[in-house]
Amino acid sequence: MEKLIVKNLNHHYGFTSILENINFELNKGQVLSIVGPSGGGKTTLMHLCADLIDVQEGNIKNSFTSSSFAFQESRLLPWKNVIDNIALGLKAQKISTKMAQVRAKKIALRFGLEEIDFDKFPKDLSGGMRQRVSFARALVTKPSLLFLDEPFSALDIGLKKELQSLLIEMIDKKELSVLFITHDLMEAIRLSDEILLLKADPGRIVKKFKYDLPQSKRDDKFVYSQSAKILQDEEIIDTFELELK
Ligand SMILES: Nc1ncnc2c1ncn2[C@@H]1O[C@H](COP(=O)(O)OP(=O)(O)O)[C@@H](O)[C@H]1O
Ligand SMILES: [Mg+2]
């Protein structure tokens with residue numbers, strides 16, 4: 001069984017403790033969200049899980065067979081066009097250039113890009129289109145684990161919903177496991193099987209929530225009512241430094 005296991009994880013930058021005693025498991029087919037305020041150590045935690053930085057203390061075991069990323073900024077290669085940017089991940093898999101182009105075009109269309117955009121370079125794309133490309137690039141390889149670090153934060157509400165729906169389609173088919181990082185509680189409630197609430201200074205998990213209702217059946221009403229329920233909790237008000245008057 002593919003799994004990500006994080007045990008007794010601590011992390012420091014200099015003398016500052018960033019993460020303290022983090023423990024969780026992400027199973028195949030699951031969406032696990034880490035929700036917390038900005039500066040709480042979420043990106044650091046994701047980079048540790050993705051093996052982009054070294055573990056200092058504790059343990060991370062990742063037995064997923066493949067993984068990919070999408071970030072808040074799209075991080076496209078400026079000298080490659082839309083299709084070549086998307087096809088990038090497939091090159092590493094030794095798929096023929098022709099086949100890679102076919103698959104890149106197919107997923108580009110699925111993510112709402114049009115044929116007239118295929119030859120464009122990132123500088124000629126809107127922020128929303130760049131984020132479509134970034135998502136397509138992350139998913140074209142059919143990763144078994146997807147790391148998402150605030151991928152919707154810079155998007156307008158329409159595009160956010162559209163990309164979330166595409167993701168929910170894949171989650172529903174159990175094609176994908178996701179480690180999802182966000183400061184947006186409602187977004188997490190819409191997408192997650194489990195939410196871990198991370199409090200800052202140092203980053204530590206203070207609450208866990210589980211949701212059984214399939215993501216495709218969660219409507220706005222569900223998301224609002226669950227948020228309202230969670231936001232009554234003192235610990236959560238404190239974590240987000242919410243001012244409720
Ligand atoms: N490479 C680094 N060196 C030193 N401090 C860092 C580094 N990366 C992040 N930090 C600090 O660690 C804390 C957590 O950052 P980050 O993981 O990016 O939080 P989040 O993603 O929740 O906003 C912040 O105070 C940040 O300034
Ligand atoms: Mg971050």
# chains A, B, ... in the order shown; residues from 1 in each chain; ligands from 1
>>> residues_near_ligand(ligand="ligand 1", cutoff="6 Å", atoms="only C-alpha atoms and all ligand atoms", output="compact mmCIF listing (two decimals) with all heavy atoms, in the first residue's frame")
# COMPACT_ATOMS: atom_id res chain seq x y z
N TYR A 13 15.13 26.55 11.73
CA TYR A 13 16.00 27.40 10.91
C TYR A 13 16.82 28.22 11.90
O TYR A 13 16.25 29.02 12.64
CB TYR A 13 15.20 28.30 9.98
CG TYR A 13 14.64 27.58 8.77
CD1 TYR A 13 13.29 27.62 8.48
CD2 TYR A 13 15.48 26.87 7.91
CE1 TYR A 13 12.77 26.95 7.36
CE2 TYR A 13 14.98 26.20 6.81
CZ TYR A 13 13.63 26.25 6.54
OH TYR A 13 13.13 25.60 5.44
N ILE A 18 10.65 25.82 13.76
CA ILE A 18 9.63 26.08 12.74
C ILE A 18 8.51 25.04 12.84
O ILE A 18 7.33 25.36 12.74
CB ILE A 18 10.24 26.05 11.32
CG1 ILE A 18 11.40 27.02 11.21
CG2 ILE A 18 9.19 26.32 10.25
CD1 ILE A 18 11.06 28.48 11.33
N SER A 38 -0.37 32.02 7.60
CA SER A 38 0.84 32.31 6.86
C SER A 38 2.03 32.37 7.83
O SER A 38 1.90 32.89 8.93
CB SER A 38 0.64 33.65 6.16
OG SER A 38 1.71 33.90 5.34
N GLY A 39 3.15 31.79 7.43
CA GLY A 39 4.33 31.78 8.29
C GLY A 39 4.33 30.65 9.29
O GLY A 39 5.24 30.54 10.11
N GLY A 40 3.33 29.79 9.22
CA GLY A 40 3.20 28.70 10.19
C GLY A 40 4.08 27.49 9.92
O GLY A 40 4.12 26.56 10.72
N GLY A 41 4.75 27.47 8.77
CA GLY A 41 5.64 26.35 8.47
C GLY A 41 5.05 25.34 7.49
O GLY A 41 5.59 24.24 7.31
N LYS A 42 3.95 25.70 6.81
CA LYS A 42 3.28 24.77 5.90
C LYS A 42 4.17 24.40 4.71
O LYS A 42 4.30 23.23 4.35
CB LYS A 42 1.96 25.38 5.37
CG LYS A 42 0.98 25.75 6.47
CD LYS A 42 -0.35 26.22 5.91
CE LYS A 42 -0.26 27.49 5.08
NZ LYS A 42 0.24 28.67 5.82
N THR A 43 4.76 25.42 4.09
CA THR A 43 5.60 25.15 2.92
C THR A 43 6.84 24.35 3.32
O THR A 43 7.23 23.41 2.62
CB THR A 43 5.99 26.48 2.22
OG1 THR A 43 4.80 27.08 1.72
CG2 THR A 43 6.94 26.24 1.07
N THR A 44 7.40 24.68 4.47
CA THR A 44 8.54 23.91 4.98
C THR A 44 8.16 22.44 5.15
O THR A 44 8.88 21.55 4.71
CB THR A 44 9.01 24.49 6.34
OG1 THR A 44 9.33 25.88 6.17
CG2 THR A 44 10.21 23.75 6.88
>>> residues_near_ligand(ligand="ligand 2", cutoff="12 Å", atoms="only C-alpha atoms and all ligand atoms", output="PyMOL selection string")
chain A and resi 34-47+71-73+148-151+153+180-184
>>> select_by_dssp(residues="stretch 206-244 of chain A", states="strand (DSSP E)", output="list of chain:residue names")
A:Val206, A:Lys207, A:Lys208, A:Phe209, A:Lys210
>>> write_last_selection(atoms="C-alpha atoms", output="compact mmCIF listing (two decimals), in the first residue's frame")
# COMPACT_ATOMS: atom_id res chain seq x y z
CA VAL A 206 -3.55 21.26 17.23
CA LYS A 207 -6.68 19.69 15.68
CA LYS A 208 -7.74 17.05 13.19
CA PHE A 209 -11.04 16.79 11.32
CA LYS A 210 -12.32 13.99 9.10
>>> closest_residue(among="A:Leu191, A:Ala108, A:Leu159, A:Val31", to="A:Val178", atoms="only C-alpha atoms")
A:Val31
>>> select_by_dssp(residues="stretch 12-67 of chain A", states="helix (DSSP H, G or I)", output="PyMOL selection string")
chain A and resi 42-49
>>> atom_distance(atom1="atom CA of A:Asp193", atom2="atom CA of A:Lys229")
16.7 Å
>>> residues_around(residues="A:Ser74", least_positions_apart="2", cutoff="9 Å", atoms="only C-alpha atoms", output="PDB file with all heavy atoms, in the first residue's frame")
ATOM      1  N   ALA A  70       2.211  21.293  -7.700  1.00  0.00           N
ATOM      2  CA  ALA A  70       1.766  22.574  -8.252  1.00  0.00           C
ATOM      3  C   ALA A  70       1.848  23.598  -7.129  1.00  0.00           C
ATOM      4  O   ALA A  70       1.461  23.312  -5.987  1.00  0.00           O
ATOM      5  CB  ALA A  70       0.347  22.469  -8.801  1.00  0.00           C
ATOM      6  N   PHE A  71       2.396  24.759  -7.439  1.00  0.00           N
ATOM      7  CA  PHE A  71       2.642  25.789  -6.436  1.00  0.00           C
ATOM      8  C   PHE A  71       1.725  26.989  -6.673  1.00  0.00           C
ATOM      9  O   PHE A  71       1.063  27.088  -7.699  1.00  0.00           O
ATOM     10  CB  PHE A  71       4.090  26.278  -6.526  1.00  0.00           C
ATOM     11  CG  PHE A  71       5.102  25.189  -6.424  1.00  0.00           C
ATOM     12  CD1 PHE A  71       5.614  24.607  -7.573  1.00  0.00           C
ATOM     13  CD2 PHE A  71       5.553  24.756  -5.196  1.00  0.00           C
ATOM     14  CE1 PHE A  71       6.563  23.605  -7.497  1.00  0.00           C
ATOM     15  CE2 PHE A  71       6.503  23.754  -5.106  1.00  0.00           C
ATOM     16  CZ  PHE A  71       7.016  23.171  -6.248  1.00  0.00           C
ATOM     17  N   GLN A  72       1.803  27.928  -5.724  1.00  0.00           N
ATOM     18  CA  GLN A  72       1.029  29.164  -5.867  1.00  0.00           C
ATOM     19  C   GLN A  72       1.455  29.946  -7.113  1.00  0.00           C
ATOM     20  O   GLN A  72       0.634  30.408  -7.879  1.00  0.00           O
ATOM     21  CB  GLN A  72       1.212  30.018  -4.618  1.00  0.00           C
ATOM     22  CG  GLN A  72       0.425  31.301  -4.672  1.00  0.00           C
ATOM     23  CD  GLN A  72       0.468  32.048  -3.354  1.00  0.00           C
ATOM     24  OE1 GLN A  72       0.950  31.526  -2.350  1.00  0.00           O
ATOM     25  NE2 GLN A  72      -0.042  33.242  -3.346  1.00  0.00           N
ATOM     26  N   LEU A  76       6.670  28.182 -14.522  1.00  0.00           N
ATOM     27  CA  LEU A  76       6.851  27.603 -15.859  1.00  0.00           C
ATOM     28  C   LEU A  76       8.213  28.022 -16.415  1.00  0.00           C
ATOM     29  O   LEU A  76       8.782  29.013 -15.988  1.00  0.00           O
ATOM     30  CB  LEU A  76       5.746  28.106 -16.795  1.00  0.00           C
ATOM     31  CG  LEU A  76       4.322  27.874 -16.299  1.00  0.00           C
ATOM     32  CD1 LEU A  76       3.316  28.473 -17.275  1.00  0.00           C
ATOM     33  CD2 LEU A  76       4.060  26.389 -16.100  1.00  0.00           C
ATOM     34  N   GLY A 127      -2.317  35.222 -15.759  1.00  0.00           N
ATOM     35  CA  GLY A 127      -1.992  34.466 -14.551  1.00  0.00           C
ATOM     36  C   GLY A 127      -2.827  33.202 -14.441  1.00  0.00           C
ATOM     37  O   GLY A 127      -2.332  32.139 -14.076  1.00  0.00           O
ATOM     38  N   ARG A 130      -1.582  30.579 -16.887  1.00  0.00           N
ATOM     39  CA  ARG A 130      -0.335  29.969 -16.395  1.00  0.00           C
ATOM     40  C   ARG A 130      -0.640  28.910 -15.344  1.00  0.00           C
ATOM     41  O   ARG A 130      -0.010  27.860 -15.308  1.00  0.00           O
ATOM     42  CB  ARG A 130       0.567  31.037 -15.781  1.00  0.00           C
ATOM     43  CG  ARG A 130       1.365  31.748 -16.817  1.00  0.00           C
ATOM     44  CD  ARG A 130       2.397  32.653 -16.174  1.00  0.00           C
ATOM     45  NE  ARG A 130       2.369  33.902 -16.898  1.00  0.00           N
ATOM     46  CZ  ARG A 130       2.325  35.103 -16.366  1.00  0.00           C
ATOM     47  NH1 ARG A 130       2.348  35.255 -15.070  1.00  0.00           N
ATOM     48  NH2 ARG A 130       2.286  36.159 -17.137  1.00  0.00           N
ATOM     49  N   GLN A 131      -1.623  29.192 -14.505  1.00  0.00           N
ATOM     50  CA  GLN A 131      -1.956  28.234 -13.458  1.00  0.00           C
ATOM     51  C   GLN A 131      -2.618  26.980 -14.051  1.00  0.00           C
ATOM     52  O   GLN A 131      -2.419  25.880 -13.569  1.00  0.00           O
ATOM     53  CB  GLN A 131      -2.839  28.897 -12.394  1.00  0.00           C
ATOM     54  CG  GLN A 131      -2.768  28.270 -11.019  1.00  0.00           C
ATOM     55  CD  GLN A 131      -1.379  28.291 -10.376  1.00  0.00           C
ATOM     56  OE1 GLN A 131      -0.386  28.567 -11.014  1.00  0.00           O
ATOM     57  NE2 GLN A 131      -1.314  27.947  -9.112  1.00  0.00           N
ATOM     58  N   ARG A 132      -3.378  27.159 -15.138  1.00  0.00           N
ATOM     59  CA  ARG A 132      -3.929  25.983 -15.848  1.00  0.00           C
ATOM     60  C   ARG A 132      -2.790  25.109 -16.369  1.00  0.00           C
ATOM     61  O   ARG A 132      -2.823  23.885 -16.267  1.00  0.00           O
ATOM     62  CB  ARG A 132      -4.788  26.429 -17.035  1.00  0.00           C
ATOM     63  CG  ARG A 132      -6.108  27.082 -16.655  1.00  0.00           C
ATOM     64  CD  ARG A 132      -6.838  27.526 -17.920  1.00  0.00           C
ATOM     65  NE  ARG A 132      -7.891  28.477 -17.639  1.00  0.00           N
ATOM     66  CZ  ARG A 132      -9.165  28.139 -17.372  1.00  0.00           C
ATOM     67  NH1 ARG A 132      -9.524  26.880 -17.379  1.00  0.00           N
ATOM     68  NH2 ARG A 132     -10.062  29.071 -17.122  1.00  0.00           N
ATOM     69  N   VAL A 133      -1.779  25.764 -16.952  1.00  0.00           N
ATOM     70  CA  VAL A 133      -0.625  25.030 -17.490  1.00  0.00           C
ATOM     71  C   VAL A 133       0.101  24.300 -16.357  1.00  0.00           C
ATOM     72  O   VAL A 133       0.473  23.133 -16.483  1.00  0.00           O
ATOM     73  CB  VAL A 133       0.360  25.984 -18.221  1.00  0.00           C
ATOM     74  CG1 VAL A 133       1.598  25.225 -18.693  1.00  0.00           C
ATOM     75  CG2 VAL A 133      -0.321  26.655 -19.404  1.00  0.00           C
ATOM     76  N   SER A 134       0.255  24.998 -15.245  1.00  0.00           N
ATOM     77  CA  SER A 134       0.955  24.420 -14.100  1.00  0.00           C
ATOM     78  C   SER A 134       0.240  23.154 -13.595  1.00  0.00           C
ATOM     79  O   SER A 134       0.870  22.134 -13.312  1.00  0.00           O
ATOM     80  CB  SER A 134       1.029  25.469 -12.999  1.00  0.00           C
ATOM     81  OG  SER A 134       1.460  24.915 -11.797  1.00  0.00           O
ATOM     82  N   PHE A 135      -1.088  23.216 -13.520  1.00  0.00           N
ATOM     83  CA  PHE A 135      -1.873  22.055 -13.103  1.00  0.00           C
ATOM     84  C   PHE A 135      -1.762  20.921 -14.123  1.00  0.00           C
ATOM     85  O   PHE A 135      -1.599  19.760 -13.763  1.00  0.00           O
ATOM     86  CB  PHE A 135      -3.347  22.442 -12.962  1.00  0.00           C
ATOM     87  CG  PHE A 135      -3.756  22.626 -11.538  1.00  0.00           C
ATOM     88  CD1 PHE A 135      -3.511  23.821 -10.887  1.00  0.00           C
ATOM     89  CD2 PHE A 135      -4.362  21.608 -10.848  1.00  0.00           C
ATOM     90  CE1 PHE A 135      -3.872  23.989  -9.562  1.00  0.00           C
ATOM     91  CE2 PHE A 135      -4.728  21.769  -9.523  1.00  0.00           C
ATOM     92  CZ  PHE A 135      -4.481  22.962  -8.877  1.00  0.00           C
ATOM     93  N   PRO A 151      -2.268  26.313  -4.427  1.00  0.00           N
ATOM     94  CA  PRO A 151      -2.297  26.495  -5.879  1.00  0.00           C
ATOM     95  C   PRO A 151      -3.439  27.396  -6.345  1.00  0.00           C
ATOM     96  O   PRO A 151      -3.423  27.866  -7.470  1.00  0.00           O
ATOM     97  CB  PRO A 151      -2.506  25.076  -6.409  1.00  0.00           C
ATOM     98  CG  PRO A 151      -3.296  24.418  -5.335  1.00  0.00           C
ATOM     99  CD  PRO A 151      -2.793  24.992  -4.044  1.00  0.00           C
TER     100      PRO A 151
END
>>> closest_atom_pairs(of="stretch 169-203 of chain A", to="stretch 22-29 of chain A", cutoff="7 Å", atoms="only C-alpha atoms", output="CSV")
residue,atom,partner,partner_atom,distance
A:Lys174,CA,A:Gly29,CA,5.0
A:Glu175,CA,A:Gly29,CA,6.7
A:Leu176,CA,A:Gly29,CA,5.5
A:Ser177,CA,A:Gly29,CA,4.5
>>> write_last_selection(atoms="all heavy atoms", output="compact mmCIF listing (two decimals), in the first residue's frame")
# COMPACT_ATOMS: atom_id res chain seq x y z
N LYS A 174 -10.53 8.10 -7.43
CA LYS A 174 -9.43 7.55 -6.63
C LYS A 174 -8.17 7.41 -7.46
O LYS A 174 -7.35 6.52 -7.27
CB LYS A 174 -9.81 6.18 -6.03
CG LYS A 174 -11.01 6.24 -5.10
CD LYS A 174 -10.63 6.76 -3.75
CE LYS A 174 -11.85 7.05 -2.88
NZ LYS A 174 -11.58 7.99 -1.80
N GLU A 175 -8.03 8.32 -8.42
CA GLU A 175 -6.84 8.29 -9.27
C GLU A 175 -5.65 8.93 -8.56
O GLU A 175 -4.52 8.85 -9.01
CB GLU A 175 -7.10 9.13 -10.54
CG GLU A 175 -7.95 8.46 -11.58
CD GLU A 175 -8.29 9.40 -12.73
OE1 GLU A 175 -7.85 10.56 -12.72
OE2 GLU A 175 -9.01 8.96 -13.63
N LEU A 176 -5.94 9.64 -7.48
CA LEU A 176 -4.97 10.59 -6.98
C LEU A 176 -4.97 10.64 -5.46
O LEU A 176 -6.01 10.57 -4.82
CB LEU A 176 -5.43 11.96 -7.50
CG LEU A 176 -4.44 13.08 -7.67
CD1 LEU A 176 -3.31 12.67 -8.60
CD2 LEU A 176 -5.14 14.31 -8.21
N SER A 177 -3.79 10.76 -4.88
CA SER A 177 -3.68 11.11 -3.46
C SER A 177 -3.08 12.50 -3.42
O SER A 177 -2.23 12.82 -4.25
CB SER A 177 -2.75 10.15 -2.74
OG SER A 177 -3.05 8.83 -3.11
>>> closest_residue(among="A:Val82, A:Val223, A:Gly112, A:Pro122", to="A:Glu162", atoms="only C-alpha atoms")
A:Gly112
>>> residues_around(residues="A:Glu20", least_positions_apart="6", cutoff="12 Å", atoms="only C-alpha atoms", output="JSON, numbers by chain")
{"A": [6, 7, 8, 9, 10, 11, 12, 40, 41, 42, 44, 45, 56, 57, 58, 198, 199, 200, 201, 202, 203, 204, 205, 206]}
>>> residues_around(residues="A:Val102", least_positions_apart="4", cutoff="12 Å", atoms="only C-alpha atoms", output="list of chain:residue names")
A:Ile83, A:Asp84, A:Ile86, A:Ala87, A:Leu90, A:Ile95, A:Ser96, A:Thr97, A:Lys98, A:Lys106, A:Ile107, A:Ala108, A:Leu109, A:Phe118, A:Val140
>>> write_last_selection(atoms="N, CA and C atoms", output="tab-separated table (two decimals), in the first residue's frame")
chain	number	residue	atom	x	y	z
A	83	ILE	N	2.66	23.78	-24.56
A	83	ILE	CA	2.68	22.33	-24.68
A	83	ILE	C	4.01	21.74	-24.20
A	84	ASP	N	5.12	22.42	-24.54
A	84	ASP	CA	6.42	21.90	-24.09
A	84	ASP	C	6.57	21.99	-22.58
A	86	ILE	N	4.07	21.67	-20.47
A	86	ILE	CA	3.26	20.57	-19.93
A	86	ILE	C	3.96	19.22	-20.13
A	87	ALA	N	4.58	19.07	-21.30
A	87	ALA	CA	5.19	17.78	-21.66
A	87	ALA	C	6.47	17.49	-20.88
A	90	LEU	N	6.89	14.42	-18.79
A	90	LEU	CA	6.86	13.15	-19.53
A	90	LEU	C	8.23	12.81	-20.12
A	95	ILE	N	9.14	8.93	-22.47
A	95	ILE	CA	8.05	8.75	-23.42
A	95	ILE	C	8.47	9.51	-24.70
A	96	SER	N	8.14	8.97	-25.87
A	96	SER	CA	8.59	9.60	-27.12
A	96	SER	C	8.03	11.03	-27.21
A	97	THR	N	8.76	11.90	-27.89
A	97	THR	CA	8.35	13.30	-28.00
A	97	THR	C	6.96	13.40	-28.61
A	98	LYS	N	6.71	12.55	-29.61
A	98	LYS	CA	5.42	12.61	-30.29
A	98	LYS	C	4.27	12.26	-29.32
A	106	LYS	N	-3.86	16.84	-24.99
A	106	LYS	CA	-5.12	16.32	-24.47
A	106	LYS	C	-5.43	16.91	-23.09
A	107	ILE	N	-4.44	16.92	-22.23
A	107	ILE	CA	-4.70	17.43	-20.87
A	107	ILE	C	-4.83	18.96	-20.87
A	108	ALA	N	-4.14	19.63	-21.81
A	108	ALA	CA	-4.27	21.09	-21.93
A	108	ALA	C	-5.72	21.45	-22.22
A	109	LEU	N	-6.34	20.71	-23.12
A	109	LEU	CA	-7.74	20.96	-23.47
A	109	LEU	C	-8.64	20.69	-22.26
A	118	PHE	N	-1.55	26.96	-27.58
A	118	PHE	CA	-0.54	25.91	-27.44
A	118	PHE	C	0.89	26.39	-27.70
A	140	VAL	N	-0.14	15.57	-15.91
A	140	VAL	CA	0.04	14.83	-17.17
A	140	VAL	C	0.77	13.52	-16.93
